[in-house]
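Visitor: Got data-v8.tsv for you, TSV, C-alpha atoms:
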chain	number	residue	atom	x	y	z
V	3	MET	CA	40.95	134.28	71.21
V	4	LEU	CA	43.73	136.79	71.82
V	5	GLY	CA	43.03	137.58	75.44
V	6	ILE	CA	42.41	135.77	78.69
V	7	PRO	CA	39.68	136.47	81.26
V	8	ALA	CA	40.38	139.65	83.16
V	9	ALA	CA	40.59	137.90	86.50
V	10	LEU	CA	43.35	135.67	85.15
V	11	ALA	CA	45.12	138.26	83.03
V	12	ALA	CA	47.86	138.93	85.51
V	13	SER	CA	48.63	135.31	86.26
V	14	ALA	CA	48.43	133.66	82.85
V	15	LEU	CA	51.87	132.73	81.58
V	16	LEU	CA	52.97	132.04	78.07
V	17	VAL	CA	56.29	130.24	78.41
V	18	ALA	CA	58.23	130.68	75.25
V	19	GLY	CA	60.19	128.26	73.12
V	20	CYS	CA	63.93	128.10	72.76
V	21	VAL	CA	66.10	131.05	71.81
V	22	SER	CA	68.67	132.99	73.72
V	23	ASN	CA	70.31	136.11	74.98
V	24	GLU	CA	73.36	135.27	77.06
V	25	PRO	CA	76.65	135.81	75.21
V	26	PRO	CA	79.64	133.59	76.07
V	27	GLU	CA	81.31	134.69	79.28
V	28	GLU	CA	84.50	135.74	77.55
V	29	GLU	CA	82.67	138.17	75.25
V	30	ASN	CA	81.68	141.73	76.09
V	31	ASP	CA	78.04	141.71	77.25
V	32	SER	CA	77.36	145.14	75.79
V	33	VAL	CA	77.90	144.34	72.12
V	34	SER	CA	77.03	140.84	70.91
V	35	GLN	CA	78.23	139.49	67.59
V	36	ASP	CA	76.43	137.53	64.87
V	37	ASP	CA	77.39	133.86	64.98
V	38	GLY	CA	76.81	133.37	61.25
V	39	SER	CA	73.82	131.07	61.68
V	40	GLY	CA	71.13	133.70	61.20
V	41	GLY	CA	70.91	134.56	64.93
V	42	THR	CA	73.17	136.37	67.36
V	43	ALA	CA	74.60	135.73	70.80
V	44	ASN	CA	71.48	137.52	72.03
V	45	ASP	CA	69.53	134.46	70.92
V	46	GLU	CA	71.12	132.18	73.49
V	47	PRO	CA	69.17	131.48	76.71
V	48	GLY	CA	69.78	133.95	79.48
V	49	GLU	CA	68.22	134.76	82.83
V	50	THR	CA	64.46	134.11	82.81
V	51	VAL	CA	62.45	137.33	82.62
V	52	THR	CA	58.74	137.93	83.09
V	53	ILE	CA	57.18	140.32	80.56
V	54	GLY	CA	53.70	141.76	80.89
V	55	PHE	CA	51.92	142.44	77.59
V	56	SER	CA	48.84	144.61	77.12
V	57	ALA	CA	47.15	145.66	73.87
V	58	PRO	CA	43.70	146.76	72.68
V	59	ALA	CA	41.05	144.31	71.54
V	60	ALA	CA	41.74	142.58	68.23
V	61	ASP	CA	38.72	144.11	66.53
V	62	HIS	CA	40.29	144.20	63.07
V	63	GLY	CA	42.91	142.25	61.18
V	64	TRP	CA	45.93	144.43	61.87
V	65	MET	CA	45.41	144.48	65.64
V	66	GLY	CA	44.84	140.73	65.71
V	67	ALA	CA	48.07	140.22	63.80
V	68	ILE	CA	50.12	142.50	66.01
V	69	THR	CA	48.99	140.64	69.14
V	70	GLN	CA	49.55	137.20	67.64
V	71	ALA	CA	53.03	138.18	66.48
V	72	ALA	CA	53.91	139.20	70.03
V	73	LEU	CA	52.73	135.86	71.40
V	74	ASP	CA	54.56	133.91	68.69
V	75	THR	CA	57.78	135.80	69.37
V	76	ALA	CA	57.61	135.14	73.11
V	77	GLU	CA	57.22	131.44	72.38
V	78	GLN	CA	60.62	131.44	70.68
V	79	TYR	CA	62.39	132.15	73.97
V	80	GLU	CA	62.72	129.64	76.76
V	81	ASP	CA	63.87	132.45	79.05
V	82	VAL	CA	60.67	134.51	78.61
V	83	GLU	CA	57.53	134.10	80.68
V	84	LEU	CA	54.82	136.21	79.07
V	85	ARG	CA	51.82	137.42	81.03
V	86	GLN	CA	49.19	138.58	78.57
V	87	ALA	CA	46.49	140.87	79.90
V	88	GLU	CA	43.01	140.54	78.50
V	89	ALA	CA	42.85	142.60	75.31
V	90	THR	CA	40.54	145.56	75.83
V	91	ASN	CA	39.46	148.92	74.46
V	92	ASP	CA	38.40	149.99	77.96
V	93	VAL	CA	41.03	152.47	79.12
V	94	ASN	CA	40.30	151.94	82.81
V	95	MET	CA	40.61	148.18	82.44
V	96	GLN	CA	43.91	148.51	80.61
V	97	ILE	CA	45.18	150.79	83.37
V	98	SER	CA	44.21	148.19	85.98
V	99	HIS	CA	46.10	145.53	84.03
V	100	ILE	CA	49.28	147.61	84.11
V	101	GLU	CA	48.76	148.25	87.82
V	102	GLN	CA	48.54	144.49	88.33
V	103	PHE	CA	51.78	143.98	86.40
V	104	ILE	CA	53.42	146.54	88.71
V	105	ASN	CA	52.09	144.79	91.82
V	106	ASP	CA	53.33	141.46	90.48
V	107	GLY	CA	56.80	142.89	89.95
V	108	VAL	CA	57.22	141.82	86.33
V	109	ASP	CA	60.63	142.48	84.78
V	110	ALA	CA	59.31	144.54	81.84
V	111	ILE	CA	56.05	145.65	80.26
V	112	VAL	CA	55.22	145.83	76.56
V	113	LEU	CA	52.35	148.28	76.17
V	114	LEU	CA	50.31	149.10	73.10
V	115	PRO	CA	47.91	151.60	74.68
V	116	PHE	CA	44.36	152.06	73.49
V	117	ASP	CA	44.89	155.74	74.30
V	118	GLY	CA	48.45	156.92	74.80
V	119	ASP	CA	47.53	159.97	76.87
V	120	ALA	CA	45.28	157.97	79.20
V	121	LEU	CA	47.91	155.26	79.84
V	122	THR	CA	50.81	157.65	80.43
V	123	GLU	CA	50.34	158.04	84.18
V	124	VAL	CA	50.30	154.31	84.93
V	125	ALA	CA	53.26	153.79	82.60
V	126	LEU	CA	55.11	156.45	84.61
V	127	ASP	CA	54.21	154.50	87.76
V	128	ALA	CA	55.77	151.38	86.24
V	129	MET	CA	58.95	153.20	85.29
V	130	GLU	CA	59.20	154.75	88.75
V	131	ALA	CA	58.85	151.24	90.19
V	132	GLY	CA	61.90	150.19	88.19
V	133	ILE	CA	59.94	148.26	85.55
V	134	PRO	CA	60.99	149.26	82.02
V	135	VAL	CA	58.08	149.96	79.67
V	136	ILE	CA	58.35	149.32	75.94
V	137	ASN	CA	55.78	151.58	74.28
V	138	VAL	CA	54.38	150.21	71.00
V	139	ASP	CA	52.72	152.11	68.12
V	140	ARG	CA	50.59	154.67	70.02
V	141	GLU	CA	52.89	157.04	71.83
V	142	LEU	CA	52.61	157.85	75.49
V	143	SER	CA	52.56	161.58	76.21
V	144	SER	CA	55.67	161.74	78.40
V	145	PRO	CA	59.20	160.74	77.40
V	146	PHE	CA	59.67	159.48	80.98
V	147	ALA	CA	56.85	156.93	80.63
V	148	SER	CA	58.86	154.40	78.63
V	149	ARG	CA	62.35	153.00	78.32
V	150	ALA	CA	61.95	152.56	74.57
V	151	THR	CA	59.31	153.29	71.96
V	152	ILE	CA	58.80	151.38	68.71
V	153	LEU	CA	56.62	152.98	66.06
V	154	GLY	CA	55.36	152.62	62.54
V	155	ASP	CA	55.86	155.56	60.21
V	156	ASN	CA	52.53	157.15	59.34
V	157	TYR	CA	54.03	160.14	57.56
V	158	GLY	CA	56.36	157.74	55.74
V	159	MET	CA	53.37	155.66	54.60
V	160	GLY	CA	51.98	158.71	52.85
V	161	VAL	CA	55.36	159.53	51.34
V	162	SER	CA	55.76	155.97	50.06
V	163	ALA	CA	52.26	155.91	48.54
V	164	GLY	CA	52.67	159.33	46.96
V	165	THR	CA	56.11	158.53	45.59
V	166	TYR	CA	54.81	155.35	43.98
V	167	ILE	CA	51.89	157.18	42.37
V	168	CYS	CA	54.30	159.86	41.13
V	169	GLU	CA	56.36	157.13	39.47
V	170	GLN	CA	53.27	155.94	37.63
V	171	LEU	CA	51.62	159.30	36.83
V	172	GLY	CA	54.31	161.91	37.12
V	173	ASP	CA	54.10	162.74	33.42
V	174	GLN	CA	50.35	163.42	33.70
V	175	PRO	CA	49.99	166.76	35.51
V	176	ASP	CA	46.21	166.65	35.20
V	177	ALA	CA	45.86	163.19	36.71
V	178	VAL	CA	42.99	162.73	39.14
V	179	VAL	CA	44.32	161.31	42.41
V	180	ALA	CA	41.84	160.30	45.10
V	181	GLU	CA	42.52	159.54	48.75
V	182	ILE	CA	40.47	157.38	51.11
V	183	GLN	CA	41.42	158.15	54.68
V	184	GLY	CA	40.62	156.23	57.84
V	185	ILE	CA	39.27	158.45	60.64
V	186	ALA	CA	40.02	161.97	59.46
V	187	ASN	CA	40.62	163.67	62.80
V	188	LEU	CA	43.17	161.16	64.13
V	189	PRO	CA	46.78	162.42	64.21
V	190	LEU	CA	47.94	159.23	62.45
V	191	THR	CA	45.53	159.91	59.57
V	192	GLN	CA	46.65	163.51	59.33
V	193	ASP	CA	50.29	162.39	59.25
V	194	ARG	CA	49.55	159.92	56.45
V	195	SER	CA	47.70	162.56	54.43
V	196	GLN	CA	50.45	165.12	54.92
V	197	GLY	CA	53.13	162.71	53.74
V	198	PHE	CA	50.98	161.80	50.74
V	199	ALA	CA	50.43	165.44	49.78
V	200	ASP	CA	54.10	166.29	50.21
V	201	ALA	CA	55.23	163.41	47.99
V	202	LEU	CA	52.68	164.20	45.28
V	203	SER	CA	53.72	167.86	45.24
V	204	ASP	CA	57.27	166.83	44.36
V	205	CYS	CA	56.07	165.61	40.96
V	206	GLY	CA	53.47	168.31	40.36
V	207	LEU	CA	50.44	166.28	41.44
V	208	GLU	CA	47.90	166.90	44.17
V	209	VAL	CA	44.99	165.16	45.85
V	210	SER	CA	41.97	165.88	43.69
V	211	THR	CA	39.39	164.46	46.08
V	212	GLN	CA	39.51	163.06	49.59
V	213	VAL	CA	36.95	161.04	51.55
V	214	ALA	CA	37.08	159.58	55.05
V	215	ALA	CA	36.10	156.09	56.10
V	216	ASP	CA	36.48	154.71	59.65
V	217	PHE	CA	38.88	151.76	59.35
V	218	THR	CA	35.95	149.37	58.93
V	219	ILE	CA	34.77	147.36	55.93
V	220	GLN	CA	31.37	149.06	55.94
V	221	GLY	CA	32.92	152.50	56.26
V	222	GLY	CA	35.30	151.78	53.41
V	223	GLU	CA	32.46	150.65	51.14
V	224	THR	CA	30.26	153.66	51.92
V	225	ALA	CA	33.04	156.23	51.51
V	226	THR	CA	34.20	154.69	48.24
V	227	SER	CA	30.69	154.53	46.80
V	228	ASN	CA	30.35	158.25	47.48
V	229	LEU	CA	33.75	158.92	45.94
V	230	LEU	CA	32.97	157.00	42.74
V	231	GLN	CA	29.65	158.76	42.32
V	232	ALA	CA	31.34	162.16	42.67
V	233	GLU	CA	34.28	161.42	40.36
V	234	PRO	CA	33.45	159.99	36.91
V	235	GLU	CA	37.14	159.57	36.02
V	236	ILE	CA	39.98	158.72	38.38
V	237	ASP	CA	43.60	157.83	37.64
V	238	ALA	CA	44.81	156.59	41.04
V	239	ILE	CA	43.48	155.97	44.55
V	240	TRP	CA	45.37	155.64	47.80
V	241	ASN	CA	43.40	153.82	50.48
V	242	HIS	CA	44.96	154.29	53.91
V	243	ASP	CA	43.95	150.94	55.39
V	244	ASP	CA	43.78	147.44	53.93
V	245	ASP	CA	41.16	146.28	56.45
V	246	GLN	CA	38.71	148.93	55.30
V	247	GLY	CA	40.02	148.14	51.81
V	248	VAL	CA	37.80	145.05	51.71
V	249	GLY	CA	34.83	147.42	51.56
V	250	VAL	CA	36.66	149.76	49.20
V	251	LEU	CA	37.17	146.92	46.71
V	252	ALA	CA	33.54	145.83	47.07
V	253	ALA	CA	32.35	149.33	46.16
V	254	ILE	CA	34.68	149.46	43.16
V	255	GLU	CA	33.49	146.10	41.90
V	256	ASN	CA	29.83	147.03	42.44
V	257	ALA	CA	30.36	150.21	40.41
V	258	GLY	CA	32.15	148.31	37.63
V	259	ARG	CA	35.04	150.78	37.65
V	260	ASP	CA	38.56	149.82	36.62
V	261	GLU	CA	40.04	152.82	34.82
V	262	PHE	CA	42.39	153.55	37.75
V	263	PHE	CA	44.91	151.70	39.88
V	264	MET	CA	44.84	151.60	43.68
V	265	VAL	CA	47.50	151.58	46.38
V	266	GLY	CA	46.61	150.11	49.76
V	267	GLY	CA	47.93	150.69	53.24
V	268	ALA	CA	49.11	148.43	56.12
V	269	GLY	CA	50.04	145.29	54.15
V	270	SER	CA	47.29	142.71	54.51
V	271	LEU	CA	47.76	139.26	53.06
V	272	ASP	CA	44.46	139.65	51.20
V	273	VAL	CA	45.81	142.69	49.36
V	274	MET	CA	49.15	141.04	48.67
V	275	GLU	CA	47.33	138.09	47.11
V	276	HIS	CA	45.44	140.48	44.82
V	277	ILE	CA	48.72	142.16	43.87
V	278	GLN	CA	50.33	138.80	43.20
V	279	ALA	CA	47.40	137.59	41.08
V	280	GLY	CA	46.93	140.87	39.21
V	281	ASP	CA	43.17	140.33	39.39
V	282	SER	CA	41.98	143.74	40.61
V	283	VAL	CA	42.76	147.44	40.53
V	284	LEU	CA	45.11	146.88	43.46
V	285	GLN	CA	48.62	147.45	42.19
V	286	ALA	CA	50.53	148.09	45.43
V	287	THR	CA	50.26	148.50	49.18
V	288	VAL	CA	52.37	150.30	51.76
V	289	VAL	CA	53.43	148.32	54.84
V	290	TYR	CA	52.56	149.51	58.33
V	291	PRO	CA	54.27	146.71	60.25
V	292	SER	CA	52.11	144.37	62.31
V	293	THR	CA	55.37	143.16	63.87
V	294	GLN	CA	55.79	146.14	66.20
V	295	ALA	CA	54.69	144.34	69.37
V	296	ALA	CA	56.86	141.35	68.43
V	297	ASP	CA	59.79	143.73	68.23
V	298	GLY	CA	58.63	145.12	71.58
V	299	ILE	CA	58.90	141.65	73.15
V	300	LYS	CA	62.45	141.31	71.86
V	301	LEU	CA	63.39	144.77	73.13
V	302	ALA	CA	61.81	144.11	76.54
V	303	ARG	CA	63.84	140.91	76.85
V	304	LEU	CA	67.07	142.71	75.99
V	305	VAL	CA	66.38	145.57	78.39
V	306	ALA	CA	65.36	143.26	81.24
V	307	GLN	CA	68.52	141.19	80.73
V	308	ASP	CA	70.65	144.34	80.43
V	309	LYS	CA	71.78	143.51	76.91
V	310	SER	CA	72.42	145.56	73.78
V	311	MET	CA	71.20	145.31	70.22
V	312	SER	CA	73.71	143.05	68.53
V	313	ASP	CA	73.96	144.95	65.24
V	314	LEU	CA	74.72	148.30	66.88
V	315	VAL	CA	78.12	149.40	68.14
V	316	SER	CA	76.60	151.61	70.86
V	317	ALA	CA	75.67	149.98	74.15
V	318	GLY	CA	72.08	149.46	75.24
V	319	VAL	CA	68.76	149.59	73.41
V	320	PRO	CA	67.77	152.77	71.50
V	321	ARG	CA	65.13	155.03	73.02
V	322	THR	CA	63.10	155.23	69.80
V	323	ILE	CA	62.83	152.95	66.79
V	324	GLN	CA	60.69	153.92	63.81
V	325	LEU	CA	60.04	151.22	61.25
V	326	HIS	CA	60.19	151.64	57.49
V	327	ALA	CA	57.07	151.85	55.30
V	328	PRO	CA	58.05	149.99	52.10
V	329	VAL	CA	55.90	149.73	48.98
V	330	VAL	CA	54.84	146.20	48.02
V	331	THR	CA	54.28	145.59	44.30
V	332	ALA	CA	54.10	142.59	42.00
V	333	ASP	CA	57.89	142.80	41.69
V	334	ASN	CA	58.61	142.24	45.39
V	335	VAL	CA	55.40	140.86	46.91
V	336	ASP	CA	56.94	137.42	47.51
V	337	GLN	CA	59.33	139.02	50.02
V	338	TYR	CA	56.47	140.32	52.16
V	339	MET	CA	53.84	137.55	52.04
V	340	ASP	CA	55.01	136.05	55.34
V	341	LEU	CA	54.42	139.41	57.05
V	342	GLY	CA	50.90	139.90	55.68
V	343	PHE	CA	47.86	139.63	57.97
V	344	ARG	CA	44.29	138.55	57.25
V	345	SER	CA	41.70	141.33	57.18
Just give me the structure as structure tokens.
Guide:
Amino acid sequence: MLGIPAALAASALLVAGCVSNEPPEEENDSVSQDDGSGGTANDEPGETVTIGFSAPAADHGWMGAITQAALDTAEQYEDVELRQAEATNDVNMQISHIEQFINDGVDAIVLLPFDGDALTEVALDAMEAGIPVINVDRELSSPFASRATILGDNYGMGVSAGTYICEQLGDQPDAVVAEIQGIANLPLTQDRSQGFADALSDCGLEVSTQVAADFTIQGGETATSNLLQAEPEIDAIWNHDDDQGVGVLAAIENAGRDEFFMVGGAGSLDVMEHIQAGDSVLQATVVYPSTQAADGIKLARLVAQDKSMSDLVSAGVPRTIQLHAPVVTADNVDQYMDLGFRS
């Protein structure tokens, strides 16, 4: 659904709809100004650019959403021809897709690597060939392997979740706070847990018990069942991932437990609907943007057309952009519904 056959990956084009990037000739190309209509001079059609896009297989809701957002964004631009490689979790296949983009001489590559270390060498090859690489979400291991990197904030997710729980329980120093991780040994999980612990410590709380799932529904259900059996009373839970949260909620409902509130992670539409309805223990979630690759498409277009970001005074496109991890609650959920993804 989100990929094309491997043999056609390099040649499939997604020609985008109308938006732009060429400022009026009398204006300075390096700093474009807002025209007051909700867009900028960067949204006017410019020179047509070909962008290669490669991402892992859409094997859960967040990854499916990040890929679809990239495709939808490309469709907004009549000056973008998008070549989407077949989505894959096979590192060697993803490397071959990037090699094909290089051979085809695309103008830019947007790369969400399955494994950042494994894709670094071929990304370096692209950069050395004069093709700017926009690295999305999973960092490549060399700063020379990309022109720009756009990231979510895993540590910030933990800080946001912990800060919210502190606001609810900060006057209860003996509160039992549980944490349901994704895959425990991943750096992103460790960053989330560290941010969570740091935020809780600021209000005198700590993680009372921690279990690890595996970012799957089944893993979330199993880990949560074990957690609930081990802890007869809980005040708050932070679940790192809303996709695995489907299983987490199932375990909670099966156990008939509701003495605590839960904070999710990533920002699925399913979770936002629960928050909006107030029909479960889910009280909040922390956004890990599924718009990163969409932003990557926009950045690739600007870089390939030698433009700048219109809201910055400095020329060019920043080397690194890290996105915010806001907390979504019943008070602000309506602002984020359009960004939610289906688990």
Visitor: Enumerate, as a PDB file with C-alpha atoms, in the frame of the given file, the protein, DNA and RNA residues whose atoms approach (53.8, 161.0, 45.0) to within 9 Å, taking into account only C-alpha atoms and the coordinate frame of the file.
Guide:
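Written file, result_39.pdb:
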ATOM      1  CA  GLY V 160      51.980 158.710  52.850  1.00  0.00           C
ATOM      2  CA  VAL V 161      55.360 159.530  51.340  1.00  0.00           C
ATOM      3  CA  SER V 162      55.760 155.970  50.060  1.00  0.00           C
ATOM      4  CA  ALA V 163      52.260 155.910  48.540  1.00  0.00           C
ATOM      5  CA  GLY V 164      52.670 159.330  46.960  1.00  0.00           C
ATOM      6  CA  THR V 165      56.110 158.530  45.590  1.00  0.00           C
ATOM      7  CA  TYR V 166      54.810 155.350  43.980  1.00  0.00           C
ATOM      8  CA  ILE V 167      51.890 157.180  42.370  1.00  0.00           C
ATOM      9  CA  CYS V 168      54.300 159.860  41.130  1.00  0.00           C
ATOM     10  CA  GLU V 169      56.360 157.130  39.470  1.00  0.00           C
ATOM     11  CA  GLN V 170      53.270 155.940  37.630  1.00  0.00           C
ATOM     12  CA  LEU V 171      51.620 159.300  36.830  1.00  0.00           C
ATOM     13  CA  GLY V 172      54.310 161.910  37.120  1.00  0.00           C
ATOM     14  CA  GLY V 197      53.130 162.710  53.740  1.00  0.00           C
ATOM     15  CA  PHE V 198      50.980 161.800  50.740  1.00  0.00           C
ATOM     16  CA  ALA V 199      50.430 165.440  49.780  1.00  0.00           C
ATOM     17  CA  ASP V 200      54.100 166.290  50.210  1.00  0.00           C
ATOM     18  CA  ALA V 201      55.230 163.410  47.990  1.00  0.00           C
ATOM     19  CA  LEU V 202      52.680 164.200  45.280  1.00  0.00           C
ATOM     20  CA  SER V 203      53.720 167.860  45.240  1.00  0.00           C
ATOM     21  CA  ASP V 204      57.270 166.830  44.360  1.00  0.00           C
ATOM     22  CA  CYS V 205      56.070 165.610  40.960  1.00  0.00           C
ATOM     23  CA  GLY V 206      53.470 168.310  40.360  1.00  0.00           C
ATOM     24  CA  LEU V 207      50.440 166.280  41.440  1.00  0.00           C
ATOM     25  CA  GLU V 208      47.900 166.900  44.170  1.00  0.00           C
TER      26      GLU V 208
END
Visitor: Counting only C-alpha atoms, I want the residues whose atoms come within 8 Å of (60.9, 149.8, 71.8) in the file frame, returned as a PyMOL selection string.
Guide: chain V and resi 136-138+149-153+297-298+301-302+320-323
Visitor: Extract, using only C-alpha atoms, all DNA, RNA and protein residues at most 9 Å from Thr69 in chain V, discarding same-chain residues fewer than 2 positions from it, and format them as a PyMOL selection string.
Guide: chain V and resi 4+56-58+60+64-67+71-74+89+292-293+295-296
Visitor: Go through V:Ser316, V:Gln285, V:Ser148, V:Thr191 and flag the residue nearest Ile239 in chain V, using only C-alpha atoms for the distances.
Guide: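 Going through V:Ser316, V:Gln285, V:Ser148, V:Thr191 one by one, the smallest distance to Ile239 in chain V is for V:Gln285.
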Visitor: How far is it from CA of Arg140 in chain V to CA of Ser270 in chain V, in Å with one decimal?
Guide: 19.9 Å
Visitor: Write out as a list in words which residues come within 9 Å of Ala186 in chain V when counting all atoms listed in the file, dropping same-chain ones fewer than 5 positions away.
Guide: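 Contacts, in chain order: Thr191, Gln192, Val213, Ala214, Ala215 and Asp216 of chain V.
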Visitor: For Ala306 in chain V, which residue out of V:Val250, V:Ala125, V:Ala257, V:Val135 is the nearest one, using all atoms listed in the file?
Guide: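 That would be V:Val135, the residue with the smallest distance to Ala306 in chain V.
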Visitor: Just to confirm, what's the straight-line distance from CA of Leu126 in chain V to CA of Ala87 in chain V in Å (one decimal)?
Guide: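 Interatomic distance here is 18.4 Å.
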